[in-house]
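Chemist: upload-v1.cif is the file, holding mmCIF, C-alpha atoms:
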```cif
data_upload
loop_
_atom_site.group_PDB
_atom_site.id
_atom_site.type_symbol
_atom_site.label_atom_id
_atom_site.label_comp_id
_atom_site.auth_asym_id
_atom_site.auth_seq_id
_atom_site.Cartn_x
_atom_site.Cartn_y
_atom_site.Cartn_z
ATOM 1 C CA MET A 5 179.223 131.210 -173.703
ATOM 2 C CA ILE A 6 176.605 133.983 -173.664
ATOM 3 C CA TYR A 7 174.314 133.913 -176.730
ATOM 4 C CA GLY A 8 177.205 132.858 -178.964
ATOM 5 C CA TRP A 9 179.732 135.266 -177.389
ATOM 6 C CA SER A 10 182.536 134.075 -175.180
ATOM 7 C CA PRO A 11 185.300 136.107 -173.590
ATOM 8 C CA GLY A 12 188.511 136.040 -175.493
ATOM 9 C CA ILE A 13 190.941 138.141 -177.458
ATOM 10 C CA GLY A 14 188.874 140.350 -179.750
ATOM 11 C CA ASP A 15 191.610 141.318 -182.212
ATOM 12 C CA PRO A 16 194.565 138.898 -181.952
ATOM 13 C CA THR A 17 196.519 140.592 -184.774
ATOM 14 C CA ILE A 18 199.687 142.616 -184.267
ATOM 15 C CA TRP A 19 197.664 145.770 -185.016
ATOM 16 C CA GLY A 20 195.089 144.766 -182.440
ATOM 17 C CA TRP A 21 197.805 144.506 -179.806
ATOM 18 C CA VAL A 22 199.416 147.780 -180.963
ATOM 19 C CA THR A 23 196.047 149.491 -180.620
ATOM 20 C CA VAL A 24 195.538 148.042 -177.132
ATOM 21 C CA ALA A 25 199.027 149.209 -176.150
ATOM 22 C CA ASN A 26 198.288 152.684 -177.520
ATOM 23 C CA TYR A 27 195.019 152.884 -175.581
ATOM 24 C CA PHE A 28 196.876 151.807 -172.450
ATOM 25 C CA LEU A 29 199.612 154.406 -173.018
ATOM 26 C CA ALA A 30 196.915 157.051 -173.542
ATOM 27 C CA PHE A 31 195.293 155.899 -170.293
ATOM 28 C CA ILE A 32 198.604 156.232 -168.413
ATOM 29 C CA SER A 33 199.357 159.613 -169.994
ATOM 30 C CA THR A 34 195.917 161.083 -169.270
ATOM 31 C CA ALA A 35 195.932 159.692 -165.728
ATOM 32 C CA TRP A 36 199.343 161.261 -165.188
ATOM 33 C CA ALA A 37 198.070 164.545 -166.656
ATOM 34 C CA ALA A 38 195.279 164.448 -164.058
ATOM 35 C CA ARG A 39 197.952 164.389 -161.361
ATOM 36 C CA LYS A 40 199.972 167.225 -162.922
ATOM 37 C CA ASP A 41 197.291 169.596 -164.234
ATOM 38 C CA TRP A 42 195.173 170.370 -161.175
ATOM 39 C CA SER A 43 193.070 172.959 -162.990
ATOM 40 C CA ASN A 44 191.799 170.265 -165.377
ATOM 41 C CA GLN A 45 191.988 167.250 -163.090
ATOM 42 C CA TYR A 46 188.384 166.112 -163.639
ATOM 43 C CA PHE A 47 188.707 166.411 -167.392
ATOM 44 C CA TRP A 48 191.877 164.301 -167.467
ATOM 45 C CA SER A 49 190.336 161.758 -165.085
ATOM 46 C CA ILE A 50 187.258 161.307 -167.291
ATOM 47 C CA ILE A 51 189.368 160.916 -170.423
ATOM 48 C CA SER A 52 191.693 158.436 -168.692
ATOM 49 C CA ILE A 53 188.719 156.276 -167.650
ATOM 50 C CA PHE A 54 187.426 156.463 -171.240
ATOM 51 C CA MET A 55 190.836 155.352 -172.599
ATOM 52 C CA LEU A 56 190.992 152.449 -170.125
ATOM 53 C CA ALA A 57 187.455 151.362 -171.052
ATOM 54 C CA LEU A 58 188.336 151.417 -174.758
ATOM 55 C CA CYS A 59 191.552 149.482 -174.036
ATOM 56 C CA ILE A 60 189.643 146.745 -172.237
ATOM 57 C CA ASN A 61 186.895 146.684 -174.842
ATOM 58 C CA LYS A 62 189.381 146.434 -177.712
ATOM 59 C CA GLN A 63 190.590 143.041 -176.570
ATOM 60 C CA LEU A 64 187.513 141.621 -174.861
ATOM 61 C CA ASP A 65 185.218 142.642 -177.728
ATOM 62 C CA LEU A 66 182.473 143.687 -175.316
ATOM 63 C CA GLN A 67 180.470 145.413 -178.040
ATOM 64 C CA SER A 68 179.947 141.965 -179.570
ATOM 65 C CA LEU A 69 178.518 140.811 -176.237
ATOM 66 C CA LEU A 70 176.170 143.810 -176.276
ATOM 67 C CA THR A 71 175.140 142.934 -179.839
ATOM 68 C CA ALA A 72 174.556 139.265 -178.933
ATOM 69 C CA VAL A 73 172.425 140.187 -175.903
ATOM 70 C CA ALA A 74 170.425 142.735 -177.938
ATOM 71 C CA ARG A 75 169.868 140.151 -180.685
ATOM 72 C CA GLU A 76 168.560 137.641 -178.137
ATOM 73 C CA ILE A 77 166.269 140.245 -176.564
ATOM 74 C CA ALA A 78 164.930 141.057 -180.038
ATOM 75 C CA ARG A 79 164.276 137.388 -180.780
ATOM 76 C CA ARG A 80 162.521 136.791 -177.461
ATOM 77 C CA GLY A 81 160.501 139.976 -177.872
ATOM 78 C CA ASN A 82 159.458 138.956 -181.403
ATOM 79 C CA TRP A 83 160.772 142.167 -182.958
ATOM 80 C CA TYR A 84 163.957 140.782 -184.509
ATOM 81 C CA GLN A 85 162.501 141.275 -187.995
ATOM 82 C CA ASP A 86 162.281 145.023 -187.222
ATOM 83 C CA ARG A 87 165.822 145.236 -185.829
ATOM 84 C CA ARG A 88 167.048 147.676 -188.510
ATOM 85 C CA ILE A 89 164.760 150.350 -187.074
ATOM 86 C CA PHE A 90 166.190 149.797 -183.588
ATOM 87 C CA GLN A 91 169.749 149.670 -184.922
ATOM 88 C CA ARG A 92 169.252 153.034 -186.622
ATOM 89 C CA GLU A 93 167.728 154.523 -183.474
ATOM 90 C CA PHE A 94 170.577 153.130 -181.366
ATOM 91 C CA ILE A 95 173.192 154.671 -183.677
ATOM 92 C CA GLU A 96 171.315 157.974 -183.633
ATOM 93 C CA LEU A 97 171.278 157.879 -179.821
ATOM 94 C CA VAL A 98 175.009 157.114 -179.697
ATOM 95 C CA ILE A 99 175.711 159.998 -182.094
ATOM 96 C CA ILE A 100 173.568 162.419 -180.074
ATOM 97 C CA LEU A 101 175.206 161.361 -176.804
ATOM 98 C CA SER A 102 178.716 161.546 -178.280
ATOM 99 C CA VAL A 103 178.178 164.975 -179.805
ATOM 100 C CA SER A 104 176.542 166.211 -176.593
ATOM 101 C CA VAL A 105 179.367 165.005 -174.360
ATOM 102 C CA ILE A 106 182.055 166.354 -176.687
ATOM 103 C CA GLY A 107 180.137 169.640 -177.036
ATOM 104 C CA LEU A 108 179.912 169.900 -173.257
ATOM 105 C CA LEU A 109 183.640 169.195 -172.934
ATOM 106 C CA ILE A 110 184.445 171.868 -175.526
ATOM 107 C CA PHE A 111 182.151 174.392 -173.819
ATOM 108 C CA LEU A 112 183.506 173.695 -170.341
ATOM 109 C CA ASN A 113 187.084 173.863 -171.603
ATOM 110 C CA ARG A 114 186.784 176.660 -174.163
ATOM 111 C CA LYS A 115 189.517 178.678 -172.449
ATOM 112 C CA ALA A 116 191.647 175.651 -171.709
ATOM 113 C CA LYS A 117 195.218 174.889 -172.592
ATOM 114 C CA ILE A 118 196.105 173.563 -176.027
ATOM 115 C CA ALA A 119 196.733 170.109 -174.515
ATOM 116 C CA VAL A 120 193.106 169.909 -173.374
ATOM 117 C CA LEU A 121 191.795 171.117 -176.729
ATOM 118 C CA GLY A 122 194.021 168.605 -178.544
ATOM 119 C CA THR A 123 192.752 165.832 -176.297
ATOM 120 C CA ILE A 124 189.155 166.849 -176.981
ATOM 121 C CA THR A 125 189.927 166.721 -180.710
ATOM 122 C CA GLY A 126 191.477 163.252 -180.406
ATOM 123 C CA THR A 127 188.591 162.047 -178.248
ATOM 124 C CA LEU A 128 186.099 163.396 -180.786
ATOM 125 C CA PHE A 129 187.984 161.526 -183.505
ATOM 126 C CA ILE A 130 187.910 158.293 -181.494
ATOM 127 C CA ALA A 131 184.210 158.776 -180.655
ATOM 128 C CA GLY A 132 183.483 159.267 -184.355
ATOM 129 C CA PHE A 133 185.406 156.115 -185.138
ATOM 130 C CA VAL A 134 183.533 154.161 -182.450
ATOM 131 C CA VAL A 135 180.196 155.376 -183.844
ATOM 132 C CA ALA A 136 181.305 154.397 -187.349
ATOM 133 C CA ARG A 137 182.236 150.925 -186.059
ATOM 134 C CA ALA A 138 178.936 150.627 -184.209
ATOM 135 C CA ALA A 139 177.156 151.492 -187.442
ATOM 136 C CA SER A 140 179.237 149.004 -189.383
ATOM 137 C CA PHE A 141 176.576 146.415 -189.770
ATOM 138 C CA HIS A 142 177.870 145.753 -193.273
ATOM 139 C CA HIS A 143 178.637 148.853 -195.329
ATOM 140 C CA MET A 144 181.129 150.427 -192.938
ATOM 141 C CA ASP A 145 182.947 147.108 -192.449
ATOM 142 C CA GLN A 146 183.817 147.117 -196.145
ATOM 143 C CA ALA A 147 185.066 150.710 -196.061
ATOM 144 C CA LEU A 148 187.073 150.253 -192.848
ATOM 145 C CA GLY A 149 188.584 147.031 -194.217
ATOM 146 C CA ILE A 150 190.320 148.840 -197.085
ATOM 147 C CA SER A 151 194.081 148.321 -196.959
ATOM 148 C CA ILE A 152 196.581 151.092 -197.513
ATOM 149 C CA PHE A 153 199.923 149.393 -198.042
ATOM 150 C CA ALA A 154 199.980 146.836 -195.201
ATOM 151 C CA PHE A 155 197.644 148.803 -192.943
ATOM 152 C CA LYS A 156 193.876 148.604 -192.750
ATOM 153 C CA LEU A 157 192.026 151.910 -192.708
ATOM 154 C CA ASN A 158 190.352 150.656 -189.527
ATOM 155 C CA HIS A 159 193.678 150.531 -187.662
ATOM 156 C CA ILE A 160 194.979 153.804 -189.123
ATOM 157 C CA LEU A 161 191.915 155.803 -188.060
ATOM 158 C CA GLU A 162 191.639 154.332 -184.585
ATOM 159 C CA ASN A 163 195.332 154.771 -183.809
ATOM 160 C CA PHE A 164 195.377 158.289 -185.264
ATOM 161 C CA GLY A 165 192.786 159.429 -182.711
ATOM 162 C CA ILE A 166 194.618 157.665 -179.898
ATOM 163 C CA MET A 167 197.900 159.335 -180.917
ATOM 164 C CA ILE A 168 196.285 162.784 -180.794
ATOM 165 C CA VAL A 169 195.107 162.077 -177.235
ATOM 166 C CA LEU A 170 198.454 160.567 -176.270
ATOM 167 C CA ILE A 171 200.563 163.425 -177.631
ATOM 168 C CA SER A 172 198.253 166.118 -176.242
ATOM 169 C CA SER A 173 198.137 164.590 -172.771
ATOM 170 C CA ALA A 174 201.862 163.847 -172.815
ATOM 171 C CA SER A 175 202.560 167.537 -173.451
ATOM 172 C CA VAL A 176 201.176 168.240 -169.959
ATOM 173 C CA ASN A 177 203.723 165.823 -168.553
ATOM 174 C CA TRP A 178 206.771 167.071 -170.444
ATOM 175 C CA PRO A 179 209.207 168.905 -168.225
ATOM 176 C CA ARG A 180 209.252 172.638 -168.796
ATOM 177 C CA ARG A 181 212.692 174.056 -169.363
ATOM 178 C CA ARG A 182 213.465 177.479 -168.145
ATOM 179 C CA LEU A 183 215.299 179.713 -170.513
ATOM 180 C CA PRO A 184 218.589 181.065 -169.227
ATOM 181 C CA GLN A 185 218.266 184.604 -167.938
#
```
Re-express the file's structure as structure tokens.
Modeler:
Amino acid sequence: MIYGWSPGIGDPTIWGWVTVANYFLAFISTAWAARKDWSNQYFWSIISIFMLALCINKQLDLQSLLTAVAREIARRGNWYQDRRIFQREFIELVIILSVSVIGLLIFLNRKAKIAVLGTITGTLFIAGFVVARAASFHHMDQALGISIFAFKLNHILENFGIMIVLISSASVNWPRRRLPQ
């Protein structure tokens, strides 16, 4: 156990497993797109690594480990009482980095195929969701916990972004049919 965190299944619900499976399918699809779309190979490779990292994180709950380590550092450094300031600055840094990376991807791929632009959109959606979850010290947890029918808003939003990436990257892999001449 590391500062109260131990490795284990982060979200053992059916929706947790569905989300992990979707991340893994998005990883496979984007990795395959990297093999098929040579003109955007680096883009697809970066996105596939991102999808794999999110897949692993979803079940190992590594962000909780990061939080536990940061909390312990704050306690040992005697600035735990001021943690809200650091939390806000951390979220601001994550937002700036996310927007910068997505902006760079959009700029570098501004003339790209629709599949790349769709994947950027889905990735931006997922990045926004991840930032919202990182900021969910209390207020966002309540909002993301809202249920719509049998589905939590948390699961709907996360899987929506993954599906955009999955469908966009899969379109690169779909066989092209030639029209009869």
Chemist: Report, in Å to a single decimal, how far apart atom CA of A:Gly122 and atom CA of A:Asp41 are.
Modeler: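 Value for the atom CA of A:Asp41-atom CA of A:Gly122 distance: 14.7 Å.
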Chemist: Evaluating the PyMOL selection byres ((chain A and resi 20) around 12) on the displayed file yields which residues, as a PyMOL selection string?
Modeler: chain A and resi 13-19+21-27+59-65+155-156+158-160+162-163
Chemist: Env of A:Ile118: 12 Å cut, atoms = only C-alpha atoms, seq-sep filter 2 positions within chain, self excluded. Answer as a CSV table (one decimal) with C-alpha atoms, in the frame of the given file.
Modeler:
```csv
chain,number,residue,atom,x,y,z
A,44,ASN,CA,191.8,170.3,-165.4
A,110,ILE,CA,184.4,171.9,-175.5
A,113,ASN,CA,187.1,173.9,-171.6
A,114,ARG,CA,186.8,176.7,-174.2
A,115,LYS,CA,189.5,178.7,-172.4
A,116,ALA,CA,191.6,175.7,-171.7
A,120,VAL,CA,193.1,169.9,-173.4
A,121,LEU,CA,191.8,171.1,-176.7
A,122,GLY,CA,194.0,168.6,-178.5
A,123,THR,CA,192.8,165.8,-176.3
A,124,ILE,CA,189.2,166.8,-177.0
A,125,THR,CA,189.9,166.7,-180.7
A,168,ILE,CA,196.3,162.8,-180.8
A,169,VAL,CA,195.1,162.1,-177.2
A,171,ILE,CA,200.6,163.4,-177.6
A,172,SER,CA,198.3,166.1,-176.2
A,173,SER,CA,198.1,164.6,-172.8
A,174,ALA,CA,201.9,163.8,-172.8
A,175,SER,CA,202.6,167.5,-173.5
A,176,VAL,CA,201.2,168.2,-170.0
```
Chemist: Where does the PyMOL selection byres ((chain A and resi 91) around 12) land in this file, that is, which residues does it pick, as a PyMOL selection string?
Modeler: chain A and resi 71+74-75+78+83-90+92-98+135+138-141
Chemist: Can I get the selected residues back with C-alpha atoms, as a CSV table (one decimal), in the coordinates of the input?
Modeler:
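Below you can see again.csv, which holds the result:
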```
chain,number,residue,atom,x,y,z
A,71,THR,CA,175.1,142.9,-179.8
A,74,ALA,CA,170.4,142.7,-177.9
A,75,ARG,CA,169.9,140.2,-180.7
A,78,ALA,CA,164.9,141.1,-180.0
A,83,TRP,CA,160.8,142.2,-183.0
A,84,TYR,CA,164.0,140.8,-184.5
A,85,GLN,CA,162.5,141.3,-188.0
A,86,ASP,CA,162.3,145.0,-187.2
A,87,ARG,CA,165.8,145.2,-185.8
A,88,ARG,CA,167.0,147.7,-188.5
A,89,ILE,CA,164.8,150.4,-187.1
A,90,PHE,CA,166.2,149.8,-183.6
A,92,ARG,CA,169.3,153.0,-186.6
A,93,GLU,CA,167.7,154.5,-183.5
A,94,PHE,CA,170.6,153.1,-181.4
A,95,ILE,CA,173.2,154.7,-183.7
A,96,GLU,CA,171.3,158.0,-183.6
A,97,LEU,CA,171.3,157.9,-179.8
A,98,VAL,CA,175.0,157.1,-179.7
A,135,VAL,CA,180.2,155.4,-183.8
A,138,ALA,CA,178.9,150.6,-184.2
A,139,ALA,CA,177.2,151.5,-187.4
A,140,SER,CA,179.2,149.0,-189.4
A,141,PHE,CA,176.6,146.4,-189.8
```
Chemist: Record the distance separating atom CA of A:Val73 and atom CA of A:Ser104, expressed in Å with one decimal.
Modeler: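 Straight-line distance from atom CA of A:Val73 to atom CA of A:Ser104 works out to 26.4 Å.
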Chemist: What residues come out when you apply the PyMOL selection byres ((chain A and resi 40) around 12) to this file, written as a VMD selection string?
Modeler: chain A and resid 33 to 39 41 to 46 48 to 49 173 to 179
Chemist: Could you turn the residues from that selection into a file that holds C-alpha atoms, as a PDB file, in the coordinates of the input?
Modeler:
```
ATOM      1  CA  SER A  33     199.357 159.613-169.994  1.00  0.00           C
ATOM      2  CA  THR A  34     195.917 161.083-169.270  1.00  0.00           C
ATOM      3  CA  ALA A  35     195.932 159.692-165.728  1.00  0.00           C
ATOM      4  CA  TRP A  36     199.343 161.261-165.188  1.00  0.00           C
ATOM      5  CA  ALA A  37     198.070 164.545-166.656  1.00  0.00           C
ATOM      6  CA  ALA A  38     195.279 164.448-164.058  1.00  0.00           C
ATOM      7  CA  ARG A  39     197.952 164.389-161.361  1.00  0.00           C
ATOM      8  CA  ASP A  41     197.291 169.596-164.234  1.00  0.00           C
ATOM      9  CA  TRP A  42     195.173 170.370-161.175  1.00  0.00           C
ATOM     10  CA  SER A  43     193.070 172.959-162.990  1.00  0.00           C
ATOM     11  CA  ASN A  44     191.799 170.265-165.377  1.00  0.00           C
ATOM     12  CA  GLN A  45     191.988 167.250-163.090  1.00  0.00           C
ATOM     13  CA  TYR A  46     188.384 166.112-163.639  1.00  0.00           C
ATOM     14  CA  TRP A  48     191.877 164.301-167.467  1.00  0.00           C
ATOM     15  CA  SER A  49     190.336 161.758-165.085  1.00  0.00           C
ATOM     16  CA  SER A 173     198.137 164.590-172.771  1.00  0.00           C
ATOM     17  CA  ALA A 174     201.862 163.847-172.815  1.00  0.00           C
ATOM     18  CA  SER A 175     202.560 167.537-173.451  1.00  0.00           C
ATOM     19  CA  VAL A 176     201.176 168.240-169.959  1.00  0.00           C
ATOM     20  CA  ASN A 177     203.723 165.823-168.553  1.00  0.00           C
ATOM     21  CA  TRP A 178     206.771 167.071-170.444  1.00  0.00           C
ATOM     22  CA  PRO A 179     209.207 168.905-168.225  1.00  0.00           C
TER      23      PRO A 179
END
```
